[in-house]
file target30.cif (mmCIF, C-alpha atoms)
data_final
#
loop_
_atom_site.group_PDB
_atom_site.id
_atom_site.type_symbol
_atom_site.label_atom_id
_atom_site.label_comp_id
_atom_site.auth_asym_id
_atom_site.auth_seq_id
_atom_site.Cartn_x
_atom_site.Cartn_y
_atom_site.Cartn_z
ATOM 1 C CA MET A 1 -10.238 18.269 -7.525
ATOM 2 C CA ARG A 2 -8.304 17.530 -10.714
ATOM 3 C CA ALA A 3 -6.117 14.413 -10.644
ATOM 4 C CA MET A 4 -2.413 14.949 -11.232
ATOM 5 C CA ASP A 5 -1.013 13.395 -14.374
ATOM 6 C CA ASP A 6 2.289 11.469 -14.340
ATOM 7 C CA SER A 7 4.281 14.600 -15.087
ATOM 8 C CA GLN A 8 3.086 16.060 -11.768
ATOM 9 C CA ARG A 9 3.572 12.846 -9.776
ATOM 10 C CA THR A 10 7.215 12.080 -10.469
ATOM 11 C CA PHE A 11 9.496 12.390 -7.460
ATOM 12 C CA PHE A 12 13.149 12.220 -6.531
ATOM 13 C CA ILE A 13 13.319 10.351 -3.224
ATOM 14 C CA THR A 14 16.146 9.815 -0.771
ATOM 15 C CA THR A 15 16.003 7.583 2.271
ATOM 16 C CA VAL A 16 18.873 6.591 4.529
ATOM 17 C CA THR A 17 19.719 3.616 6.669
ATOM 18 C CA CYS A 18 19.416 3.599 10.448
ATOM 19 C CA GLN A 19 22.339 5.584 11.895
ATOM 20 C CA ARG A 20 23.685 5.720 8.324
ATOM 21 C CA LEU A 21 25.156 2.244 8.743
ATOM 22 C CA PRO A 22 26.528 0.936 5.424
ATOM 23 C CA ILE A 23 24.220 -2.092 5.359
ATOM 24 C CA PHE A 24 24.006 -2.147 1.553
ATOM 25 C CA ARG A 25 27.746 -2.708 1.321
ATOM 26 C CA VAL A 26 26.761 -6.377 1.663
ATOM 27 C CA GLU A 27 25.930 -7.441 -1.889
ATOM 28 C CA ALA A 28 23.077 -9.784 -0.897
ATOM 29 C CA ARG A 29 21.311 -6.951 0.931
ATOM 30 C CA ALA A 30 21.692 -4.563 -2.013
ATOM 31 C CA ARG A 31 20.425 -7.193 -4.458
ATOM 32 C CA LEU A 32 17.438 -7.957 -2.227
ATOM 33 C CA LEU A 33 16.500 -4.261 -2.220
ATOM 34 C CA ILE A 34 16.677 -4.171 -6.014
ATOM 35 C CA GLU A 35 14.480 -7.289 -6.104
ATOM 36 C CA VAL A 36 11.940 -5.510 -3.886
ATOM 37 C CA LEU A 37 12.057 -2.366 -6.072
ATOM 38 C CA PHE A 38 11.363 -4.346 -9.228
ATOM 39 C CA GLY A 39 8.780 -6.562 -7.505
ATOM 40 C CA TYR A 40 6.561 -3.613 -6.586
ATOM 41 C CA ARG A 41 7.169 -2.101 -10.011
ATOM 42 C CA ALA A 42 5.934 -5.367 -11.570
ATOM 43 C CA GLN A 43 2.812 -5.059 -9.388
ATOM 44 C CA ARG A 44 2.303 -1.610 -10.950
ATOM 45 C CA LYS A 45 2.655 0.259 -7.659
ATOM 46 C CA TYR A 46 4.871 2.806 -9.439
ATOM 47 C CA LEU A 47 6.980 3.521 -12.495
ATOM 48 C CA LEU A 48 10.699 3.293 -11.750
ATOM 49 C CA HIS A 49 12.760 5.749 -13.796
ATOM 50 C CA GLU A 50 16.139 5.678 -12.005
ATOM 51 C CA PHE A 51 17.604 4.230 -8.815
ATOM 52 C CA VAL A 52 20.867 3.803 -6.967
ATOM 53 C CA VAL A 53 21.557 1.730 -3.871
ATOM 54 C CA MET A 54 24.484 3.302 -2.035
ATOM 55 C CA PRO A 55 26.078 1.743 1.066
ATOM 56 C CA ASP A 56 23.974 3.829 3.497
ATOM 57 C CA HIS A 57 21.148 5.351 1.431
ATOM 58 C CA ILE A 58 19.099 5.053 -1.726
ATOM 59 C CA HIS A 59 17.948 7.530 -4.344
ATOM 60 C CA LEU A 60 14.888 6.819 -6.472
ATOM 61 C CA LEU A 61 13.215 8.636 -9.322
ATOM 62 C CA LEU A 62 9.707 7.239 -9.548
ATOM 63 C CA THR A 63 6.081 7.951 -10.375
ATOM 64 C CA PRO A 64 3.540 6.397 -7.986
ATOM 65 C CA ALA A 65 0.474 4.734 -9.513
ATOM 66 C CA PRO A 66 -2.433 7.227 -9.672
ATOM 67 C CA GLU A 67 -4.290 5.623 -6.758
ATOM 68 C CA ILE A 68 -1.225 5.344 -4.481
ATOM 69 C CA SER A 69 0.229 8.208 -2.437
ATOM 70 C CA LEU A 70 3.941 8.915 -2.386
ATOM 71 C CA GLU A 71 4.056 8.035 1.314
ATOM 72 C CA ARG A 72 2.394 4.669 0.663
ATOM 73 C CA THR A 73 4.799 4.002 -2.208
ATOM 74 C CA VAL A 74 7.822 4.552 0.034
ATOM 75 C CA GLN A 75 6.157 2.445 2.730
ATOM 76 C CA PHE A 76 5.870 -0.444 0.248
ATOM 77 C CA ILE A 77 9.572 -0.219 -0.556
ATOM 78 C CA LYS A 78 10.958 0.281 2.953
ATOM 79 C CA GLY A 79 8.475 -2.025 4.686
ATOM 80 C CA GLY A 80 8.648 -4.674 1.988
ATOM 81 C CA TYR A 81 12.426 -4.697 2.153
ATOM 82 C CA SER A 82 12.508 -4.873 5.960
ATOM 83 C CA TYR A 83 9.997 -7.732 5.922
ATOM 84 C CA ARG A 84 12.003 -9.722 3.361
ATOM 85 C CA LEU A 85 15.329 -9.055 5.109
ATOM 86 C CA ARG A 86 13.925 -10.152 8.485
ATOM 87 C CA LYS A 87 13.598 -13.662 7.066
ATOM 88 C CA GLU A 88 17.413 -13.723 6.841
ATOM 89 C CA GLU A 89 18.609 -11.428 9.637
ATOM 90 C CA THR A 90 17.221 -9.070 12.247
ATOM 91 C CA ILE A 91 18.624 -5.577 11.886
ATOM 92 C CA LYS A 92 16.918 -2.213 11.866
ATOM 93 C CA VAL A 93 17.325 -0.989 8.321
ATOM 94 C CA TRP A 94 15.818 2.468 7.858
ATOM 95 C CA GLN A 95 15.729 5.865 9.453
ATOM 96 C CA GLU A 96 12.113 6.846 9.936
ATOM 97 C CA SER A 97 11.464 9.378 7.216
ATOM 98 C CA PHE A 98 12.443 10.182 3.647
ATOM 99 C CA THR A 99 13.008 13.323 1.635
ATOM 100 C CA ASN A 100 11.358 14.034 -1.673
ATOM 101 C CA HIS A 101 11.383 16.580 -4.439
ATOM 102 C CA ARG A 102 8.610 16.778 -7.016
ATOM 103 C CA ILE A 103 10.039 16.905 -10.531
ATOM 104 C CA ARG A 104 8.928 20.166 -12.164
ATOM 105 C CA ASP A 105 9.977 19.911 -15.803
ATOM 106 C CA GLU A 106 12.244 18.156 -18.316
ATOM 107 C CA GLU A 107 15.361 19.967 -17.149
ATOM 108 C CA ASP A 108 14.670 19.057 -13.507
ATOM 109 C CA TYR A 109 14.079 15.430 -14.526
ATOM 110 C CA GLY A 110 17.344 15.278 -16.479
ATOM 111 C CA ARG A 111 19.316 16.853 -13.647
ATOM 112 C CA HIS A 112 17.978 14.305 -11.145
ATOM 113 C CA CYS A 113 18.587 11.366 -13.512
ATOM 114 C CA GLU A 114 22.192 12.480 -13.824
ATOM 115 C CA TYR A 115 22.483 12.929 -10.050
ATOM 116 C CA VAL A 116 21.242 9.387 -9.384
ATOM 117 C CA ARG A 117 23.466 7.819 -12.043
ATOM 118 C CA MET A 118 26.606 9.695 -10.987
ATOM 119 C CA ASN A 119 26.201 9.195 -7.226
ATOM 120 C CA PRO A 120 28.561 6.165 -7.046
ATOM 121 C CA VAL A 121 31.167 8.031 -9.104
ATOM 122 C CA ARG A 122 31.001 11.116 -6.863
ATOM 123 C CA ALA A 123 31.342 8.803 -3.832
ATOM 124 C CA ARG A 124 34.432 7.241 -5.496
ATOM 125 C CA LEU A 125 32.912 3.746 -5.433
ATOM 126 C CA VAL A 126 33.519 3.384 -9.197
ATOM 127 C CA ARG A 127 35.115 5.413 -11.992
ATOM 128 C CA ASP A 128 32.335 4.731 -14.488
ATOM 129 C CA ALA A 129 28.651 4.934 -13.488
ATOM 130 C CA ALA A 130 27.686 2.011 -15.746
ATOM 131 C CA SER A 131 30.030 -0.312 -13.838
ATOM 132 C CA TYR A 132 28.239 0.186 -10.504
ATOM 133 C CA PRO A 133 26.149 -2.983 -10.054
ATOM 134 C CA PHE A 134 23.401 -1.458 -7.874
ATOM 135 C CA SER A 135 22.235 1.364 -10.102
ATOM 136 C CA SER A 136 20.003 2.048 -13.057
ATOM 137 C CA ALA A 137 23.113 3.296 -14.870
ATOM 138 C CA ASN A 138 24.019 -0.396 -15.193
ATOM 139 C CA ALA A 139 22.666 -1.823 -18.465
ATOM 140 C CA GLU A 140 21.380 -4.908 -16.608
ATOM 141 C CA PHE A 141 18.195 -3.073 -15.574
ATOM 142 C CA LEU A 142 15.202 -2.242 -17.752
ATOM 143 C CA LEU A 143 13.459 0.891 -16.467
ATOM 144 C CA ASP A 144 10.383 2.941 -17.231
ATOM 145 C CA GLY A 145 10.828 5.847 -19.613
ATOM 146 C CA LYS A 146 10.549 9.534 -18.919
ATOM 147 C CA PRO A 147 7.062 10.480 -17.672
ATOM 148 C CA GLN A 148 4.742 11.784 -20.385
ATOM 149 C CA GLY A 149 3.832 15.443 -20.263
ATOM 150 C CA LEU A 150 6.941 16.926 -18.652
ATOM 151 C CA LYS A 151 7.142 20.486 -19.850
ATOM 152 C CA PRO A 152 10.312 22.076 -21.161
ATOM 153 C CA ARG A 153 11.645 24.779 -18.891
ATOM 154 C CA PHE A 154 11.210 28.235 -20.325
ATOM 155 C CA PRO A 155 13.553 31.025 -19.275
ATOM 156 C CA ARG A 156 11.909 33.758 -17.240
ATOM 157 C CA SER A 157 11.578 37.049 -19.043
ATOM 158 C CA ALA A 158 13.345 40.056 -17.551
#
call {"tool": "encode", "arguments": {"input": "target30.cif", "output": "structure tokens"}}
result
Amino acid sequence: MRAMDDSQRTFFITTVTCQRLPIFRVEARARLLIEVLFGYRAQRKYLLHEFVVMPDHIHLLLTPAPEISLERTVQFIKGGYSYRLRKEETIKVWQESFTNHRIRDEEDYGRHCEYVRMNPVRARLVRDAASYPFSSANAEFLLDGKPQGLKPRFPRSA
């Protein structure tokens, strides 16, 4: 079986909080999640291309390390966050599953980057995406670049 290169292992992920409670409205909780995201990134568990922490869900655009499955990657993030938060307070954070979409090409990647960055604007949390403090649209965060090998999308012939 041929291993997938990064361009085939980049995913848009959404996961929501338990009962869609707005737990990330508390700044300390949102910042802790960002700390967890960047901690696992520093351990090379994945490349982090874009993220947004909304009050009751998160969106991520990431590429798992070659030896780590997507499911294990999400388990690191959700489990790692729950473990760290439990040291401060005991609440159930996450709904059980997550949704994902494999990025197909450059156009798909760009569309999902834009979706992640504009999520707080569409939700009317801010007027300007860059001013939202819990998002990769904020210049405070250094992210991984676009995955190598994404193909341009070619129009289908009639």
call {"tool": "atom_distance", "arguments": {"input": "target30.cif", "atom1": "CA of Glu50 (chain A)", "atom2": "CA of Thr10 (chain A)"}}
result
11.1 Å
call {"tool": "closest_residue", "arguments": {"input": "target30.cif", "among": "A:Phe51, A:Tyr83, A:Phe98, A:Phe12", "to": "Leu142 (chain A)", "atoms": "all atoms listed in the file"}}
result
A:Phe51
call {"tool": "axis_aligned_box", "arguments": {"input": "target30.cif", "around": "region 88-99 of chain A", "padding_each_side": "3 Å", "output": "JSON"}}
result
{"center_x": 15.0, "center_y": -0.2, "center_z": 6.9, "size_x": 13.2, "size_y": 33.0, "size_z": 16.6}
call {"tool": "atom_distance", "arguments": {"input": "target30.cif", "atom1": "CA of Ala129 (chain A)", "atom2": "CA of Arg117 (chain A)"}}
result
6.1 Å
call {"tool": "atom_distance", "arguments": {"input": "target30.cif", "atom1": "CA of Tyr132 (chain A)", "atom2": "CA of Met118 (chain A)"}}
result
9.7 Å
call {"tool": "resolve_selection", "arguments": {"input": "target30.cif", "expression": "the PyMOL selection byres ((chain A and resi 64-73) around 10)", "output": "PDB file with C-alpha atoms, keeping the file's coordinate frame"}}
result
ATOM      1  CA  ALA A   3      -6.117  14.413 -10.644  1.00  0.00           C
ATOM      2  CA  MET A   4      -2.413  14.949 -11.232  1.00  0.00           C
ATOM      3  CA  ASP A   5      -1.013  13.395 -14.374  1.00  0.00           C
ATOM      4  CA  ASP A   6       2.289  11.469 -14.340  1.00  0.00           C
ATOM      5  CA  ARG A   9       3.572  12.846  -9.776  1.00  0.00           C
ATOM      6  CA  THR A  10       7.215  12.080 -10.469  1.00  0.00           C
ATOM      7  CA  PHE A  11       9.496  12.390  -7.460  1.00  0.00           C
ATOM      8  CA  ILE A  13      13.319  10.351  -3.224  1.00  0.00           C
ATOM      9  CA  TYR A  40       6.561  -3.613  -6.586  1.00  0.00           C
ATOM     10  CA  ARG A  41       7.169  -2.101 -10.011  1.00  0.00           C
ATOM     11  CA  ARG A  44       2.303  -1.610 -10.950  1.00  0.00           C
ATOM     12  CA  LYS A  45       2.655   0.259  -7.659  1.00  0.00           C
ATOM     13  CA  TYR A  46       4.871   2.806  -9.439  1.00  0.00           C
ATOM     14  CA  LEU A  47       6.980   3.521 -12.495  1.00  0.00           C
ATOM     15  CA  LEU A  48      10.699   3.293 -11.750  1.00  0.00           C
ATOM     16  CA  LEU A  62       9.707   7.239  -9.548  1.00  0.00           C
ATOM     17  CA  THR A  63       6.081   7.951 -10.375  1.00  0.00           C
ATOM     18  CA  VAL A  74       7.822   4.552   0.034  1.00  0.00           C
ATOM     19  CA  GLN A  75       6.157   2.445   2.730  1.00  0.00           C
ATOM     20  CA  PHE A  76       5.870  -0.444   0.248  1.00  0.00           C
ATOM     21  CA  ILE A  77       9.572  -0.219  -0.556  1.00  0.00           C
ATOM     22  CA  LYS A  78      10.958   0.281   2.953  1.00  0.00           C
ATOM     23  CA  GLY A  79       8.475  -2.025   4.686  1.00  0.00           C
ATOM     24  CA  SER A  97      11.464   9.378   7.216  1.00  0.00           C
ATOM     25  CA  PHE A  98      12.443  10.182   3.647  1.00  0.00           C
ATOM     26  CA  ASN A 100      11.358  14.034  -1.673  1.00  0.00           C
TER      27      ASN A 100
END
call {"tool": "build_atoms", "arguments": {"input": "target30.cif", "residues": "region 34-70 of chain A", "atoms": "N, CA and C atoms", "output": "PDB file, keeping the file's coordinate frame"}}
result
ATOM      1  N   ILE A  34      16.994  -4.329  -4.595  1.00  0.00           N
ATOM      2  CA  ILE A  34      16.677  -4.171  -6.014  1.00  0.00           C
ATOM      3  C   ILE A  34      15.539  -5.118  -6.402  1.00  0.00           C
ATOM      4  N   GLU A  35      15.566  -6.327  -5.877  1.00  0.00           N
ATOM      5  CA  GLU A  35      14.480  -7.289  -6.104  1.00  0.00           C
ATOM      6  C   GLU A  35      13.142  -6.722  -5.615  1.00  0.00           C
ATOM      7  N   VAL A  36      13.154  -6.120  -4.443  1.00  0.00           N
ATOM      8  CA  VAL A  36      11.940  -5.510  -3.886  1.00  0.00           C
ATOM      9  C   VAL A  36      11.476  -4.355  -4.777  1.00  0.00           C
ATOM     10  N   LEU A  37      12.403  -3.493  -5.192  1.00  0.00           N
ATOM     11  CA  LEU A  37      12.057  -2.366  -6.072  1.00  0.00           C
ATOM     12  C   LEU A  37      11.355  -2.852  -7.339  1.00  0.00           C
ATOM     13  N   PHE A  38      11.929  -3.855  -7.973  1.00  0.00           N
ATOM     14  CA  PHE A  38      11.363  -4.346  -9.228  1.00  0.00           C
ATOM     15  C   PHE A  38      10.108  -5.191  -9.002  1.00  0.00           C
ATOM     16  N   GLY A  39       9.991  -5.805  -7.834  1.00  0.00           N
ATOM     17  CA  GLY A  39       8.780  -6.562  -7.505  1.00  0.00           C
ATOM     18  C   GLY A  39       7.556  -5.664  -7.410  1.00  0.00           C
ATOM     19  N   TYR A  40       7.684  -4.546  -6.690  1.00  0.00           N
ATOM     20  CA  TYR A  40       6.561  -3.613  -6.586  1.00  0.00           C
ATOM     21  C   TYR A  40       6.300  -2.903  -7.910  1.00  0.00           C
ATOM     22  N   ARG A  41       7.352  -2.678  -8.668  1.00  0.00           N
ATOM     23  CA  ARG A  41       7.169  -2.101 -10.011  1.00  0.00           C
ATOM     24  C   ARG A  41       6.353  -3.059 -10.870  1.00  0.00           C
ATOM     25  N   ALA A  42       6.671  -4.352 -10.799  1.00  0.00           N
ATOM     26  CA  ALA A  42       5.934  -5.367 -11.570  1.00  0.00           C
ATOM     27  C   ALA A  42       4.466  -5.439 -11.146  1.00  0.00           C
ATOM     28  N   GLN A  43       4.194  -5.102  -9.889  1.00  0.00           N
ATOM     29  CA  GLN A  43       2.812  -5.059  -9.388  1.00  0.00           C
ATOM     30  C   GLN A  43       2.124  -3.742  -9.745  1.00  0.00           C
ATOM     31  N   ARG A  44       2.825  -2.903 -10.483  1.00  0.00           N
ATOM     32  CA  ARG A  44       2.303  -1.610 -10.950  1.00  0.00           C
ATOM     33  C   ARG A  44       1.994  -0.629  -9.815  1.00  0.00           C
ATOM     34  N   LYS A  45       2.798  -0.697  -8.764  1.00  0.00           N
ATOM     35  CA  LYS A  45       2.655   0.259  -7.659  1.00  0.00           C
ATOM     36  C   LYS A  45       3.260   1.606  -8.046  1.00  0.00           C
ATOM     37  N   TYR A  46       4.214   1.580  -8.971  1.00  0.00           N
ATOM     38  CA  TYR A  46       4.871   2.806  -9.439  1.00  0.00           C
ATOM     39  C   TYR A  46       5.637   2.518 -10.720  1.00  0.00           C
ATOM     40  N   LEU A  47       6.021   3.589 -11.397  1.00  0.00           N
ATOM     41  CA  LEU A  47       6.980   3.521 -12.495  1.00  0.00           C
ATOM     42  C   LEU A  47       8.348   3.844 -11.890  1.00  0.00           C
ATOM     43  N   LEU A  48       9.350   3.083 -12.261  1.00  0.00           N
ATOM     44  CA  LEU A  48      10.699   3.293 -11.750  1.00  0.00           C
ATOM     45  C   LEU A  48      11.566   3.830 -12.885  1.00  0.00           C
ATOM     46  N   HIS A  49      11.998   5.076 -12.743  1.00  0.00           N
ATOM     47  CA  HIS A  49      12.760   5.749 -13.796  1.00  0.00           C
ATOM     48  C   HIS A  49      14.269   5.636 -13.578  1.00  0.00           C
ATOM     49  N   GLU A  50      14.712   5.784 -12.350  1.00  0.00           N
ATOM     50  CA  GLU A  50      16.139   5.678 -12.005  1.00  0.00           C
ATOM     51  C   GLU A  50      16.239   5.239 -10.547  1.00  0.00           C
ATOM     52  N   PHE A  51      17.346   4.581 -10.211  1.00  0.00           N
ATOM     53  CA  PHE A  51      17.604   4.230  -8.815  1.00  0.00           C
ATOM     54  C   PHE A  51      19.092   4.029  -8.610  1.00  0.00           C
ATOM     55  N   VAL A  52      19.526   4.191  -7.370  1.00  0.00           N
ATOM     56  CA  VAL A  52      20.867   3.803  -6.967  1.00  0.00           C
ATOM     57  C   VAL A  52      20.798   3.360  -5.510  1.00  0.00           C
ATOM     58  N   VAL A  53      21.444   2.244  -5.234  1.00  0.00           N
ATOM     59  CA  VAL A  53      21.557   1.730  -3.871  1.00  0.00           C
ATOM     60  C   VAL A  53      22.997   1.985  -3.437  1.00  0.00           C
ATOM     61  N   MET A  54      23.169   2.962  -2.565  1.00  0.00           N
ATOM     62  CA  MET A  54      24.484   3.302  -2.035  1.00  0.00           C
ATOM     63  C   MET A  54      24.673   2.540  -0.719  1.00  0.00           C
ATOM     64  N   PRO A  55      25.876   2.513  -0.166  1.00  0.00           N
ATOM     65  CA  PRO A  55      26.078   1.743   1.066  1.00  0.00           C
ATOM     66  C   PRO A  55      25.136   2.122   2.215  1.00  0.00           C
ATOM     67  N   ASP A  56      24.798   3.417   2.350  1.00  0.00           N
ATOM     68  CA  ASP A  56      23.974   3.829   3.497  1.00  0.00           C
ATOM     69  C   ASP A  56      22.727   4.638   3.120  1.00  0.00           C
ATOM     70  N   HIS A  57      22.368   4.654   1.848  1.00  0.00           N
ATOM     71  CA  HIS A  57      21.148   5.351   1.431  1.00  0.00           C
ATOM     72  C   HIS A  57      20.752   4.912   0.023  1.00  0.00           C
ATOM     73  N   ILE A  58      19.543   5.299  -0.357  1.00  0.00           N
ATOM     74  CA  ILE A  58      19.099   5.053  -1.726  1.00  0.00           C
ATOM     75  C   ILE A  58      18.512   6.334  -2.291  1.00  0.00           C
ATOM     76  N   HIS A  59      18.619   6.465  -3.600  1.00  0.00           N
ATOM     77  CA  HIS A  59      17.948   7.530  -4.344  1.00  0.00           C
ATOM     78  C   HIS A  59      17.054   6.849  -5.369  1.00  0.00           C
ATOM     79  N   LEU A  60      15.841   7.352  -5.509  1.00  0.00           N
ATOM     80  CA  LEU A  60      14.888   6.819  -6.472  1.00  0.00           C
ATOM     81  C   LEU A  60      14.279   7.965  -7.254  1.00  0.00           C
ATOM     82  N   LEU A  61      13.994   7.720  -8.501  1.00  0.00           N
ATOM     83  CA  LEU A  61      13.215   8.636  -9.322  1.00  0.00           C
ATOM     84  C   LEU A  61      12.039   7.794  -9.785  1.00  0.00           C
ATOM     85  N   LEU A  62      10.857   8.087  -9.244  1.00  0.00           N
ATOM     86  CA  LEU A  62       9.707   7.239  -9.548  1.00  0.00           C
ATOM     87  C   LEU A  62       8.421   8.032  -9.634  1.00  0.00           C
ATOM     88  N   THR A  63       7.423   7.392 -10.241  1.00  0.00           N
ATOM     89  CA  THR A  63       6.081   7.951 -10.375  1.00  0.00           C
ATOM     90  C   THR A  63       5.110   6.965  -9.751  1.00  0.00           C
ATOM     91  N   PRO A  64       4.514   7.309  -8.598  1.00  0.00           N
ATOM     92  CA  PRO A  64       3.540   6.397  -7.986  1.00  0.00           C
ATOM     93  C   PRO A  64       2.339   6.172  -8.905  1.00  0.00           C
ATOM     94  N   ALA A  65       1.722   4.999  -8.784  1.00  0.00           N
ATOM     95  CA  ALA A  65       0.474   4.734  -9.513  1.00  0.00           C
ATOM     96  C   ALA A  65      -0.549   5.785  -9.091  1.00  0.00           C
ATOM     97  N   PRO A  66      -1.490   6.138  -9.973  1.00  0.00           N
ATOM     98  CA  PRO A  66      -2.433   7.227  -9.672  1.00  0.00           C
ATOM     99  C   PRO A  66      -3.188   7.074  -8.350  1.00  0.00           C
ATOM    100  N   GLU A  67      -3.488   5.839  -7.966  1.00  0.00           N
ATOM    101  CA  GLU A  67      -4.290   5.623  -6.758  1.00  0.00           C
ATOM    102  C   GLU A  67      -3.443   5.455  -5.490  1.00  0.00           C
ATOM    103  N   ILE A  68      -2.115   5.579  -5.616  1.00  0.00           N
ATOM    104  CA  ILE A  68      -1.225   5.344  -4.481  1.00  0.00           C
ATOM    105  C   ILE A  68      -0.468   6.630  -4.138  1.00  0.00           C
ATOM    106  N   SER A  69      -0.486   7.000  -2.872  1.00  0.00           N
ATOM    107  CA  SER A  69       0.229   8.208  -2.437  1.00  0.00           C
ATOM    108  C   SER A  69       1.733   7.956  -2.432  1.00  0.00           C
ATOM    109  N   LEU A  70       2.483   9.031  -2.456  1.00  0.00           N
ATOM    110  CA  LEU A  70       3.941   8.915  -2.386  1.00  0.00           C
ATOM    111  C   LEU A  70       4.349   8.232  -1.080  1.00  0.00           C
TER     112      LEU A  70
END
